[in-house]
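Peer 1: Take a look at this one; I'll ask things after.
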Amino acid sequence: MTTPSSAATGHAVAGTGSADMCEHCGCRGVPPIAELMDEHMALTGQAHFVRQELGAGKPAAAMALLAELVAHLDRHVQREEAGIFRAMRDSGEFLDEIDGLEGEHRVLAAAVAVLDPESPDFAARVTHLLDDLDAHVEREDLGIFPVSVVTLGAPGWAIVDEAHTESPSFLLDQPATASSPA
């Protein structure tokens with residue numbers, strides 16, 4: 001198994017055992033990219049549980065899980081856009097791809113904001129959104145992340161590091177614990 005390259009990666013590896021996924025380009029050896037990819041794996045895992053609730057005919061439970069996923073996704077998007085995307089934009093590289101990915105972030109957020117668990121097409125709409133999220137994650141993991149590894153220089157990585165320091169990974173959050181009776 002690959003040695004975790006950061007605290008967030010170590011947390012994700014401990015929870016999923018999937019650090020060896022995607023080693024074709026070596027970008028997992030770059031800690032900020034590994035963290036973002038680990039967040040992608042966690043988000044995909046959360047989406048799986050949303051799909052399970054939808055399949056069980058439990059739209060309210062699916063919406064509750066989707067709300068948790070969206071909270072994590074919002075934090076992920078913030079660090080991604082303030083870090084890797086800004087660094088790529090500042091370098092003048094792959095601007096159309098960055099614009100497209102950022103646009104997808106906005107579309108997904110807007111679509112989730114108007115979901116109604118009481119709507120007859122709720123399950124279909126959520127499934128479509130989760131399918132779009134899967135495709136988006138793949139575009140980042142197999143596209144912009146590997147490109148960033150070979151494109152960004154020291155100034156770009158300084159931007160990424162600053163964004164990751166200012167907004168730590170949601171994977172580092174401590175799980176809520178029940179308080180013991182007094």
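Numbering starts fresh at 1 for the residues of each chain in the structure tokens, the chains themselves are lettered A, B, ... in the order given, and ligands are numbered from 1 as they appear.
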Go through segment 103-170 of chain A and collect every residue that DSSP, computed from the backbone, puts in alpha helix (DSSP H); the answer should be as a PDB file with C-alpha atoms, in the first residue's frame.
Peer 2:
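File result.pdb, as written:
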ATOM      1  CA  GLY A 103     -19.197  26.151 -14.097  1.00  0.00           C
ATOM      2  CA  GLU A 104     -20.108  22.565 -13.234  1.00  0.00           C
ATOM      3  CA  HIS A 105     -19.553  23.389  -9.545  1.00  0.00           C
ATOM      4  CA  ARG A 106     -22.126  26.207  -9.835  1.00  0.00           C
ATOM      5  CA  VAL A 107     -24.653  24.126 -11.781  1.00  0.00           C
ATOM      6  CA  LEU A 108     -24.519  21.304  -9.250  1.00  0.00           C
ATOM      7  CA  ALA A 109     -24.906  23.669  -6.298  1.00  0.00           C
ATOM      8  CA  ALA A 110     -27.896  25.384  -7.935  1.00  0.00           C
ATOM      9  CA  ALA A 111     -29.549  22.066  -8.829  1.00  0.00           C
ATOM     10  CA  VAL A 112     -29.188  20.717  -5.291  1.00  0.00           C
ATOM     11  CA  ALA A 113     -30.591  23.940  -3.820  1.00  0.00           C
ATOM     12  CA  PHE A 122     -36.829  13.532  -6.859  1.00  0.00           C
ATOM     13  CA  ALA A 123     -35.041  10.168  -7.151  1.00  0.00           C
ATOM     14  CA  ALA A 124     -34.407  10.619 -10.863  1.00  0.00           C
ATOM     15  CA  ARG A 125     -33.111  14.163 -10.377  1.00  0.00           C
ATOM     16  CA  VAL A 126     -30.784  13.151  -7.537  1.00  0.00           C
ATOM     17  CA  THR A 127     -29.528  10.149  -9.503  1.00  0.00           C
ATOM     18  CA  HIS A 128     -28.790  12.424 -12.462  1.00  0.00           C
ATOM     19  CA  LEU A 129     -26.922  14.880 -10.210  1.00  0.00           C
ATOM     20  CA  LEU A 130     -24.861  12.079  -8.660  1.00  0.00           C
ATOM     21  CA  ASP A 131     -24.050  10.730 -12.142  1.00  0.00           C
ATOM     22  CA  ASP A 132     -22.901  14.226 -13.123  1.00  0.00           C
ATOM     23  CA  LEU A 133     -20.790  14.405  -9.951  1.00  0.00           C
ATOM     24  CA  ASP A 134     -19.137  11.071 -10.832  1.00  0.00           C
ATOM     25  CA  ALA A 135     -18.269  12.332 -14.328  1.00  0.00           C
ATOM     26  CA  HIS A 136     -16.966  15.614 -12.905  1.00  0.00           C
ATOM     27  CA  VAL A 137     -14.737  13.828 -10.387  1.00  0.00           C
ATOM     28  CA  GLU A 138     -13.325  11.665 -13.175  1.00  0.00           C
ATOM     29  CA  ARG A 139     -12.537  14.755 -15.290  1.00  0.00           C
ATOM     30  CA  PHE A 145      -4.954  17.029 -11.484  1.00  0.00           C
ATOM     31  CA  PRO A 146      -2.335  15.126 -13.517  1.00  0.00           C
ATOM     32  CA  VAL A 147      -1.881  18.168 -15.761  1.00  0.00           C
ATOM     33  CA  SER A 148      -1.272  20.377 -12.722  1.00  0.00           C
ATOM     34  CA  VAL A 149       1.522  18.116 -11.517  1.00  0.00           C
ATOM     35  CA  VAL A 150       3.519  18.670 -14.696  1.00  0.00           C
ATOM     36  CA  THR A 151       2.435  22.274 -15.306  1.00  0.00           C
ATOM     37  CA  ALA A 154       6.758  26.768  -7.277  1.00  0.00           C
ATOM     38  CA  PRO A 155       4.483  29.856  -7.348  1.00  0.00           C
ATOM     39  CA  GLY A 156       1.499  27.686  -8.294  1.00  0.00           C
ATOM     40  CA  TRP A 157       2.169  25.150  -5.557  1.00  0.00           C
ATOM     41  CA  ALA A 158       2.502  28.003  -3.047  1.00  0.00           C
ATOM     42  CA  ILE A 159      -1.054  29.076  -3.977  1.00  0.00           C
ATOM     43  CA  VAL A 160      -2.285  25.500  -3.572  1.00  0.00           C
ATOM     44  CA  ASP A 161      -0.540  25.062  -0.228  1.00  0.00           C
ATOM     45  CA  GLU A 162      -1.982  28.347   1.068  1.00  0.00           C
ATOM     46  CA  ALA A 163      -5.528  27.332   0.068  1.00  0.00           C
ATOM     47  CA  HIS A 164      -5.146  23.940   1.730  1.00  0.00           C
ATOM     48  CA  THR A 165      -3.767  25.525   4.904  1.00  0.00           C
ATOM     49  CA  GLU A 166      -6.609  28.059   5.068  1.00  0.00           C
TER      50      GLU A 166
END
Peer 1: Calculated over only C-alpha atoms, which of the candidates A:Pro31, A:Glu102, A:Val50, A:Ala67 has the smallest distance to Arg89 of chain A?
Peer 2: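 For Arg89 of chain A, the nearest of the given residues is A:Glu102.
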Peer 1: Name the closest residue to Ser119 of chain A among the candidates A:Pro59, A:Gly153, A:Gly92, A:Gly29; distances are taken between atoms, counting only C-alpha atoms.
Peer 2: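 Of A:Pro59, A:Gly153, A:Gly92, A:Gly29, the one nearest Ser119 of chain A, counting only C-alpha atoms, is A:Pro59.
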Peer 1: Do you know which residues are at most 12 Å from Leu69 of chain A counting only C-alpha atoms, after dropping those on the same chain fewer than 3 positions away, and could you put them as a list in words?
Peer 2: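 The filter keeps Glu39, His40, Met41, Ala42, Leu43, Thr44, Gly45, Gln46, Ala47, His48, Phe49, Val50, Arg51, Ala62, Met63, Ala64, Leu65, Leu66, His72, Leu73, Asp74, Arg75, His76, Val77, Ala109, Val112, Leu130, Leu133 and Phe170 of chain A.
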Peer 1: Interatomic distance between atom CA of Ser169 of chain A and atom CA of Leu142 of chain A?
Peer 2: 20.4 Å
Peer 1: May I ask for the distance between atom CA of Ile84 of chain A and atom CA of Leu115 of chain A, given in Å to one decimal place?
Peer 2: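 The value is 29.5 Å.
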Peer 1: Let me make sure I understand: among A:Ala60, A:Ile98, A:Leu172, A:Val114, which one has the smallest atom-to-atom distance to Gly83 of chain A if we use only C-alpha atoms?
Peer 2: A:Ile98
Peer 1: Which residue is closest to Lys58 of chain A? Choose from A:Arg79, A:Cys27, A:Ala87, A:Glu118 and count only C-alpha atoms.
Peer 2: A:Glu118
